[in-house]
$ cat data.csv   # CSV, C-alpha atoms (C1' of nucleotides) and all ligand atoms
chain,number,residue,atom,x,y,z
C,1,MET,CA,104.0,162.8,108.0
C,2,LEU,CA,101.9,164.9,105.6
C,3,ARG,CA,99.5,162.1,105.3
C,4,ILE,CA,96.2,162.0,103.6
C,5,ALA,CA,93.5,160.4,105.7
C,6,LYS,CA,93.1,156.7,105.5
C,7,LEU,CA,89.6,157.2,104.2
C,8,THR,CA,91.0,159.2,101.4
C,9,ASP,CA,93.4,156.4,100.6
C,10,TYR,CA,90.4,154.0,100.5
C,11,ALA,CA,88.6,156.4,98.2
C,12,THR,CA,91.4,156.4,95.7
C,13,GLY,CA,91.5,152.7,95.9
C,14,LEU,CA,87.7,152.5,95.2
C,15,MET,CA,88.0,154.8,92.2
C,16,THR,CA,91.0,153.0,90.8
C,17,GLN,CA,89.2,149.7,91.2
C,18,MET,CA,86.2,151.1,89.3
C,19,ALA,CA,88.5,152.4,86.6
C,20,HIS,CA,89.6,148.8,86.1
C,21,GLN,CA,86.1,147.5,85.4
C,22,PRO,CA,84.2,150.0,83.3
C,23,GLU,CA,81.1,147.9,83.3
C,24,ARG,CA,78.6,150.2,85.0
C,25,TRP,CA,77.0,149.6,88.4
C,26,VAL,CA,79.5,148.0,90.7
C,27,SER,CA,77.9,147.6,94.1
C,28,ALA,CA,79.4,149.0,97.3
C,29,GLN,CA,79.4,145.5,98.7
C,30,GLN,CA,81.4,144.1,95.9
C,31,LEU,CA,83.9,146.8,96.0
C,32,ALA,CA,84.3,146.2,99.8
C,33,VAL,CA,85.0,142.6,99.2
C,34,GLU,CA,87.4,143.3,96.3
C,35,LEU,CA,89.5,145.7,98.4
C,36,SER,CA,89.0,144.0,101.7
C,37,LEU,CA,87.6,147.1,103.3
C,38,PRO,CA,84.8,147.4,105.9
C,39,ALA,CA,81.5,147.5,104.0
C,40,PRO,CA,79.9,150.4,105.9
C,41,THR,CA,82.9,152.6,105.4
C,42,VAL,CA,82.9,151.8,101.6
C,43,ALA,CA,79.3,152.7,101.5
C,44,ARG,CA,79.9,156.0,103.2
C,45,LEU,CA,82.8,156.9,101.0
C,46,LEU,CA,80.8,156.2,97.8
C,47,LYS,CA,78.1,158.5,99.0
C,48,LEU,CA,80.7,161.3,99.5
C,49,LEU,CA,82.1,160.6,96.1
C,50,GLY,CA,78.7,160.7,94.6
C,51,ARG,CA,77.9,164.0,96.3
C,52,ALA,CA,81.1,165.4,94.8
C,53,GLY,CA,80.0,164.3,91.4
C,54,LEU,CA,82.9,161.9,90.9
C,55,VAL,CA,80.7,158.8,90.7
C,56,VAL,CA,77.2,158.2,89.5
C,57,SER,CA,74.9,155.8,91.1
C,58,GLN,CA,71.9,153.6,90.3
C,59,ARG,CA,69.6,152.6,93.1
C,60,GLY,CA,67.7,149.4,93.4
C,61,LYS,CA,68.4,145.8,92.5
C,62,GLY,CA,71.2,145.5,90.0
C,63,GLY,CA,72.3,149.0,90.8
C,64,GLY,CA,75.6,150.3,92.1
C,65,TYR,CA,78.2,152.9,91.3
C,66,GLY,CA,80.3,153.9,88.4
C,67,LEU,CA,82.8,156.6,87.4
C,68,ALA,CA,81.0,159.8,86.4
C,69,ARG,CA,83.7,160.6,83.8
C,70,PRO,CA,86.4,158.6,82.0
C,71,ALA,CA,89.2,157.7,84.3
C,72,ARG,CA,91.6,159.8,82.4
C,73,GLU,CA,89.6,162.9,83.2
C,74,ILE,CA,89.5,162.4,87.0
C,75,SER,CA,92.6,163.5,88.9
C,76,VAL,CA,93.6,162.3,92.3
C,77,ALA,CA,93.4,165.9,93.4
C,78,GLU,CA,89.7,165.7,92.9
C,79,VAL,CA,89.4,162.5,94.9
C,80,ILE,CA,91.3,164.0,97.7
C,81,ALA,CA,89.3,167.1,97.6
C,82,ALA,CA,86.0,165.1,97.6
C,83,ILE,CA,86.9,163.4,100.9
C,84,GLU,CA,89.1,166.0,102.8
C,85,GLY,CA,88.0,169.2,101.2
C,86,PRO,CA,90.2,171.6,99.3
C,87,VAL,CA,94.0,171.4,99.7
C,88,ALA,CA,94.9,173.7,102.5
C,89,LEU,CA,98.2,172.9,104.1
C,90,THR,CA,97.7,175.6,106.7
C,91,GLU,CA,94.5,177.0,108.3
C,92,CYS,CA,95.0,180.5,107.1
C,93,ALA,CA,95.7,179.4,103.5
C,94,LEU,CA,92.1,179.7,102.4
C,95,GLY,CA,91.2,183.2,103.4
C,96,ASP,CA,89.7,184.5,106.6
C,97,GLY,CA,93.0,185.7,107.9
C,98,ARG,CA,92.2,185.9,111.5
C,99,CYS,CA,95.8,185.4,112.6
C,100,SER,CA,97.4,188.8,111.8
C,101,LEU,CA,100.4,187.9,113.8
C,102,GLU,CA,102.7,187.9,110.9
C,103,ARG,CA,104.0,191.1,109.4
C,104,ASP,CA,101.3,192.0,107.0
C,105,CYS,CA,100.6,188.3,106.7
C,106,ALA,CA,103.0,187.7,103.9
C,107,THR,CA,103.1,184.2,105.3
C,108,ARG,CA,99.5,183.6,104.2
C,109,ALA,CA,100.3,184.6,100.6
C,110,ASN,CA,103.3,182.4,100.5
C,111,TRP,CA,101.4,179.4,101.8
C,112,ARG,CA,98.9,179.9,99.1
C,113,VAL,CA,101.7,179.6,96.5
C,114,ILE,CA,102.9,176.4,98.1
C,115,ASN,CA,99.3,175.1,98.2
C,116,GLN,CA,98.9,175.7,94.6
C,117,ALA,CA,102.2,173.9,93.8
C,118,VAL,CA,101.0,170.8,95.7
C,119,GLN,CA,97.6,171.1,94.0
C,120,VAL,CA,99.2,171.1,90.6
C,121,ALA,CA,101.3,168.1,91.5
C,122,LEU,CA,98.2,166.2,92.5
C,123,GLU,CA,96.2,167.3,89.5
C,124,ALA,CA,98.9,165.9,87.2
C,125,VAL,CA,97.9,162.3,88.1
C,126,SER,CA,94.7,160.9,86.8
C,127,LEU,CA,92.8,157.7,87.8
C,128,ALA,CA,93.9,156.2,84.5
C,129,ASP,CA,97.5,156.7,85.6
C,130,MET,CA,96.8,155.0,88.9
C,131,ALA,CA,95.1,152.1,87.3
C,132,ALA,CA,98.0,151.7,84.9
C,133,PRO,CA,100.6,149.1,86.0
C,134,ARG,CA,103.2,151.8,86.5
C,135,LEU,CA,103.0,155.5,86.6
C,136,ARG,CA,105.6,157.2,84.5
C,137,PRO,CA,107.8,159.4,86.8
C,138,VAL,CA,106.4,162.8,86.8
C,139,GLN,CA,108.4,165.2,84.7
C,140,PHE,CA,109.8,167.8,87.0
C,141,SER,CA,112.6,169.2,84.9
C,142,SER,CA,112.4,172.9,85.8
C,143,LEU,CA,111.5,172.5,89.4
C,144,HIS,CA,114.8,171.1,90.6
C,145,HIS,CA,116.3,172.3,93.8
C,146,GLN,CA,119.9,171.3,94.5
C,147,PRO,CA,120.2,167.7,95.9
C,148,ARG,CA,120.5,167.7,99.6
C,149,LYS,CA,122.3,165.2,101.7
C,150,VAL,CA,120.5,163.3,104.5
R,1,MET,CA,92.1,168.6,104.1
R,2,LEU,CA,95.6,167.7,103.4
R,3,ARG,CA,96.7,169.8,106.3
R,4,ILE,CA,100.1,169.9,107.8
R,5,ALA,CA,100.0,169.7,111.6
R,6,LYS,CA,99.5,172.9,113.5
R,7,LEU,CA,102.8,172.3,115.2
R,8,THR,CA,104.5,172.2,111.8
R,9,ASP,CA,102.9,175.5,110.9
R,10,TYR,CA,104.3,176.9,114.1
R,11,ALA,CA,107.7,175.5,113.2
R,12,THR,CA,107.8,177.2,109.8
R,13,GLY,CA,106.8,180.4,111.5
R,14,LEU,CA,109.6,180.1,113.9
R,15,MET,CA,112.1,179.4,111.2
R,16,THR,CA,110.8,182.3,109.1
R,17,GLN,CA,111.0,184.6,112.1
R,18,MET,CA,114.6,183.6,112.7
R,19,ALA,CA,115.4,184.2,109.0
R,20,HIS,CA,114.3,187.7,109.6
R,21,GLN,CA,116.7,188.4,112.4
R,22,PRO,CA,120.0,186.8,111.6
R,23,GLU,CA,121.5,188.0,114.8
R,24,ARG,CA,122.4,184.7,116.5
R,25,TRP,CA,120.9,183.4,119.6
R,26,VAL,CA,117.3,184.3,119.8
R,27,SER,CA,115.7,182.8,122.8
R,28,ALA,CA,112.7,180.5,122.7
R,29,GLN,CA,110.9,182.9,125.0
R,30,GLN,CA,111.4,185.8,122.7
R,31,LEU,CA,110.2,183.8,119.7
R,32,ALA,CA,107.1,182.8,121.6
R,33,VAL,CA,106.3,186.4,122.4
R,34,GLU,CA,107.0,187.6,118.8
R,35,LEU,CA,104.7,184.9,117.3
R,36,SER,CA,102.1,184.9,120.1
R,37,LEU,CA,102.5,181.2,120.6
R,38,PRO,CA,102.6,179.2,123.9
R,39,ALA,CA,106.1,179.2,125.2
R,40,PRO,CA,106.4,175.5,126.2
R,41,THR,CA,105.3,174.5,122.7
R,42,VAL,CA,107.8,176.8,121.1
R,43,ALA,CA,110.5,175.3,123.3
R,44,ARG,CA,109.6,171.8,122.3
R,45,LEU,CA,109.5,172.6,118.6
R,46,LEU,CA,112.9,174.2,118.7
R,47,LYS,CA,114.3,171.2,120.4
R,48,LEU,CA,113.0,169.0,117.5
R,49,LEU,CA,114.4,171.4,115.0
R,50,GLY,CA,117.7,171.3,116.7
R,51,ARG,CA,117.7,167.5,116.7
R,52,ALA,CA,117.0,167.6,112.9
R,53,GLY,CA,120.0,169.9,112.4
R,54,LEU,CA,118.0,172.8,111.2
R,55,VAL,CA,118.8,175.1,114.1
R,56,VAL,CA,121.8,175.4,116.3
R,57,SER,CA,121.6,176.3,119.9
R,58,GLN,CA,123.6,177.9,122.6
R,59,ARG,CA,122.9,177.1,126.2
R,60,GLY,CA,123.2,179.4,129.2
R,61,LYS,CA,122.7,183.0,129.7
R,62,GLY,CA,122.5,185.0,126.5
R,63,GLY,CA,122.0,181.8,124.6
R,64,GLY,CA,119.2,180.8,122.3
R,65,TYR,CA,118.7,179.4,118.8
R,66,GLY,CA,119.7,180.3,115.3
R,67,LEU,CA,119.4,178.9,111.8
R,68,ALA,CA,122.0,176.2,111.2
R,69,ARG,CA,122.3,177.3,107.6
R,70,PRO,CA,121.5,180.3,105.4
R,71,ALA,CA,117.8,180.8,105.0
R,72,ARG,CA,118.1,180.2,101.3
R,73,GLU,CA,119.5,176.7,101.8
R,74,ILE,CA,116.7,175.5,104.0
R,75,SER,CA,113.5,174.4,102.3
R,76,VAL,CA,110.0,174.1,103.8
R,77,ALA,CA,110.2,170.5,102.9
R,78,GLU,CA,112.9,170.1,105.5
R,79,VAL,CA,111.0,171.9,108.2
R,80,ILE,CA,108.0,169.8,107.6
R,81,ALA,CA,110.1,166.6,107.6
R,82,ALA,CA,111.7,167.6,110.8
R,83,ILE,CA,108.4,167.8,112.6
R,84,GLU,CA,106.2,165.3,110.9
R,85,GLY,CA,108.7,162.9,109.4
R,86,PRO,CA,109.2,162.2,105.7
R,87,VAL,CA,106.5,163.0,103.3
R,88,ALA,CA,104.3,159.9,102.9
R,89,LEU,CA,100.8,160.6,101.7
R,90,THR,CA,99.8,157.0,102.2
R,91,GLU,CA,101.0,154.4,104.7
R,92,CYS,CA,102.4,152.0,102.2
R,93,ALA,CA,104.3,154.7,100.3
R,94,LEU,CA,107.4,154.2,102.2
R,95,GLY,CA,108.1,150.5,101.8
R,96,ASP,CA,106.9,147.6,103.9
R,97,GLY,CA,104.2,146.6,101.5
R,98,ARG,CA,102.0,144.6,103.9
R,99,CYS,CA,98.8,145.3,102.0
R,100,SER,CA,99.1,143.2,98.9
R,101,LEU,CA,95.5,143.7,98.1
R,102,GLU,CA,96.2,145.5,94.9
R,103,ARG,CA,97.3,143.7,91.8
R,104,ASP,CA,101.0,143.5,92.2
R,105,CYS,CA,100.8,146.6,94.2
R,106,ALA,CA,101.1,149.0,91.3
R,107,THR,CA,99.2,151.4,93.6
R,108,ARG,CA,102.2,151.7,95.9
R,109,ALA,CA,104.6,152.5,93.1
R,110,ASN,CA,102.2,155.1,91.8
R,111,TRP,CA,101.8,156.7,95.2
R,112,ARG,CA,105.5,156.9,95.5
R,113,VAL,CA,105.6,159.0,92.3
R,114,ILE,CA,102.9,161.3,93.7
R,115,ASN,CA,104.8,161.6,96.9
R,116,GLN,CA,107.9,162.6,95.1
R,117,ALA,CA,106.0,165.2,93.1
R,118,VAL,CA,104.7,166.8,96.3
R,119,GLN,CA,108.1,166.6,97.9
R,120,VAL,CA,109.7,168.4,95.0
R,121,ALA,CA,107.1,171.1,95.2
R,122,LEU,CA,107.9,171.7,98.8
R,123,GLU,CA,111.6,171.6,98.3
R,124,ALA,CA,111.3,174.4,95.7
R,125,VAL,CA,110.4,176.9,98.5
R,126,SER,CA,113.2,178.1,100.8
R,127,LEU,CA,112.9,179.9,104.1
R,128,ALA,CA,114.3,183.0,102.4
R,129,ASP,CA,111.3,182.8,100.1
R,130,MET,CA,109.0,182.6,103.0
R,131,ALA,CA,110.6,185.5,104.7
R,132,ALA,CA,110.3,187.6,101.6
R,133,PRO,CA,107.3,189.9,101.4
R,134,ARG,CA,105.9,187.9,98.5
R,135,LEU,CA,106.8,184.6,97.1
R,136,ARG,CA,107.2,184.4,93.4
R,137,PRO,CA,104.6,182.1,91.9
R,138,VAL,CA,106.3,178.8,91.5
R,139,GLN,CA,107.5,178.0,88.0
R,140,PHE,CA,105.6,174.9,87.0
R,141,SER,CA,106.1,175.2,83.3
R,142,SER,CA,107.0,171.6,82.7
R,143,LEU,CA,104.5,170.0,85.0
R,144,HIS,CA,101.8,169.8,82.5
R,145,HIS,CA,99.7,166.7,82.3
R,146,GLN,CA,99.7,165.3,78.8
R,147,PRO,CA,97.6,162.4,77.5
R,148,ARG,CA,99.5,159.2,77.2
R,149,LYS,CA,99.0,155.8,75.7
R,150,VAL,CA,98.4,152.7,77.8
G,1,DA,C1',132.2,180.1,143.6
G,2,DC,C1',127.5,181.5,143.1
G,3,DT,C1',123.5,182.7,140.6
G,4,DA,C1',120.4,183.6,136.9
G,5,DA,C1',119.1,182.4,132.3
G,6,DA,C1',118.7,179.5,128.9
G,7,DT,C1',118.4,174.8,126.5
G,8,DA,C1',117.8,169.3,126.9
G,9,DG,C1',114.9,165.6,127.8
G,10,DT,C1',110.9,163.3,129.1
G,11,DA,C1',106.4,162.2,131.0
G,12,DC,C1',101.7,163.4,131.5
G,13,DT,C1',97.0,165.2,130.4
G,14,DT,C1',93.6,167.1,127.6
G,15,DA,C1',91.4,168.2,123.1
G,16,DT,C1',90.4,167.1,118.6
G,17,DT,C1',90.0,164.3,114.7
G,18,DC,C1',89.5,160.0,112.5
G,19,DG,C1',87.5,155.7,111.6
G,20,DA,C1',84.0,152.4,112.0
G,21,DT,C1',79.3,151.2,112.9
G,22,DC,C1',74.3,151.5,113.0
G,23,DC,C1',69.7,153.0,111.7
G,24,DC,C1',66.1,154.2,108.7
G,25,DA,C1',64.3,156.2,104.4
G,26,DT,C1',64.0,155.8,99.4
G,27,DA,C1',64.4,153.9,94.8
G,28,DT,C1',64.2,150.0,91.5
G,29,DA,C1',64.4,145.5,89.1
G,30,DA,C1',62.5,141.1,89.1
E,1,DT,C1',55.4,142.6,96.5
E,2,DT,C1',60.0,141.6,97.7
E,3,DA,C1',64.9,141.6,97.7
E,4,DT,C1',68.5,144.6,96.8
E,5,DA,C1',70.7,148.7,96.5
E,6,DT,C1',71.8,153.6,97.5
E,7,DG,C1',70.8,158.3,100.4
E,8,DG,C1',71.3,160.6,104.7
E,9,DG,C1',72.4,161.2,109.2
E,10,DA,C1',73.6,160.1,114.1
E,11,DT,C1',76.6,157.8,117.2
E,12,DC,C1',80.6,155.7,119.5
E,13,DG,C1',85.4,154.3,120.4
E,14,DA,C1',90.2,154.7,119.1
E,15,DA,C1',94.0,157.1,117.6
E,16,DT,C1',96.4,161.2,117.2
E,17,DA,C1',97.6,165.8,118.1
E,18,DA,C1',98.4,169.6,121.1
E,19,DG,C1',99.4,171.6,125.2
E,20,DT,C1',101.5,171.4,129.9
E,21,DA,C1',104.7,170.3,133.6
E,22,DC,C1',108.8,168.9,135.7
E,23,DT,C1',113.8,168.0,136.2
E,24,DA,C1',118.6,168.1,134.6
E,25,DT,C1',122.3,170.5,132.3
E,26,DT,C1',125.0,174.2,130.5
E,27,DT,C1',126.9,178.9,130.5
E,28,DA,C1',127.6,184.1,131.2
E,29,DG,C1',128.1,187.3,134.5
E,30,DT,C1',129.1,188.9,139.2
C,201,LIG,S1,96.7,184.6,108.2
C,201,LIG,FE1,97.9,182.9,108.9
C,201,LIG,S2,99.8,183.7,109.3
C,201,LIG,FE2,98.7,185.4,108.8
C,202,LIG,S1,101.3,148.3,99.6
C,202,LIG,FE1,99.7,149.7,99.9
C,202,LIG,S2,98.3,149.3,98.3
C,202,LIG,FE2,99.8,147.8,98.1
$ encode --input "data.csv" --output "structure tokens" --more "lines below"
Ligand code: FES
Ligand code: FES
Amino acid sequence: MLRIAKLTDYATGLMTQMAHQPERWVSAQQLAVELSLPAPTVARLLKLLGRAGLVVSQRGKGGGYGLARPAREISVAEVIAAIEGPVALTECALGDGRCSLERDCATRANWRVINQAVQVALEAVSLADMAAPRLRPVQFSSLHHQPRKV
Amino acid sequence: MLRIAKLTDYATGLMTQMAHQPERWVSAQQLAVELSLPAPTVARLLKLLGRAGLVVSQRGKGGGYGLARPAREISVAEVIAAIEGPVALTECALGDGRCSLERDCATRANWRVINQAVQVALEAVSLADMAAPRLRPVQFSSLHHQPRKV
DNA sequence: ACTAAATAGTACTTATTCGATCCCATATAA
DNA sequence: TTATATGGGATCGAATAAGTACTATTTAGT
């Protein structure tokens, strides 16, 4: 189904929620309650996001998390990458071409191009877009393939 | 890491291989040997692809599989959909909005847009492209993110 | 008619990943 | 000093993916 992991979905939800309330230092507990997610999972995710540099944290009483940058400057691609690692639709797409089954491995080069296309699509959407009531349909004018019947 | 399933990777390999040799009726056995994949798995995949209408089959001696349409008219998006189902990065992206946690579920609408963006990116690449020695970098001229008002 | 070769369909088992939880250390405001 | 919060890691069960096995059906050739 070309799914992102559920944890990644949670993470985007957390980030979007933080984008809504720019008052610094929202606690993991509070976010868990607001999104009805298991608290330990939320805590773990925020740690990951912190390590990736997407959120900043303040320890101790009254502490919590906040977006490291303005919501407009954080893309969903970054959030996904923070949780699942870089976009790599296939195993061989990231280098170490161990599987030299294909003729000269043109396949790998082609997958790289596809990866980049998806990457660009995900970079085009920021957290501010996600927090907005409705994301404007992405403008894909030149990328049109002929419509296909089901 | 935003991976497609390994089986899906196999499937695209199978389709690409068939695009290389347009002589009809390549057997599952032969494809398994050519791609160094386990034969039963290849057989199962080809059945799925057949059910999806992407390959046609001929039973009996001398039979096998072949592309249902010219390679240029089959996109990788279709192959992925045949194995993994429709592109749905998140659970709620496809309807049945059970999780009404978000405010009016703007999130779902936004994920739909992202899904479509990825979908279009995958539709832009055909099997003929994959079979070609090198895929032309996808033309993403119009997909630039521009600041917008709220 | 018989046989070999191939797909069609399904059920089963194993491996891997995902998701959730727990524990303890560290920092900080009150 | 204490309550509260993050930082880091280890662990466990569930869900999913991947591989395997078996039987039935179709078809070309002899
Ligand atoms: S490196 Fe993956 S197909 Fe060649
Ligand atoms: S339906 Fe999924 S977030 Fe609302």
$ closest_residue --input "data.csv" --among "C:His20, C:Arg3, C:Arg112, C:Arg69" --to "ligand LIG 201 (chain C)" --atoms "all atoms listed in the file"
C:Arg112
$ residues_around --input "data.csv" --residues "E:DA18" --least-positions-apart "2" --cutoff "9 Å" --atoms "all atoms listed in the file" --output "PDB file with C-alpha atoms (C1' of nucleotides), in the frame of the given file"
ATOM      1  CA  LYS R   6      99.500 172.900 113.500  1.00  0.00           C
ATOM      2  CA  LEU R   7     102.800 172.300 115.200  1.00  0.00           C
ATOM      3  CA  THR R  41     105.300 174.500 122.700  1.00  0.00           C
TER       4      THR R  41
ATOM      5  C1'  DT G  14      93.600 167.100 127.600  1.00  0.00           C
ATOM      6  C1'  DA G  15      91.400 168.200 123.100  1.00  0.00           C
ATOM      7  C1'  DT G  16      90.400 167.100 118.600  1.00  0.00           C
TER       8       DT G  16
END
$ atom_distance --input "data.csv" --atom1 "atom CA of R:Glu73" --atom2 "atom CA of R:Val120"
14.5 Å
$ residues_around --input "data.csv" --residues "E:DC22" --least-positions-apart "5" --cutoff "10 Å" --atoms "all atoms listed in the file" --output "VMD selection string"
chain G and resid 10 to 12
$ atom_distance --input "data.csv" --atom1 "atom C1' of G:DA29" --atom2 "atom CA of C:Leu35"
26.8 Å
$ residues_around --input "data.csv" --residues "C:Gln119" --least-positions-apart "6" --cutoff "9 Å" --atoms "only C-alpha atoms (C1' of nucleotides)" --output "list in words"
Ala77 and Val87 of chain C; Val118 of chain R
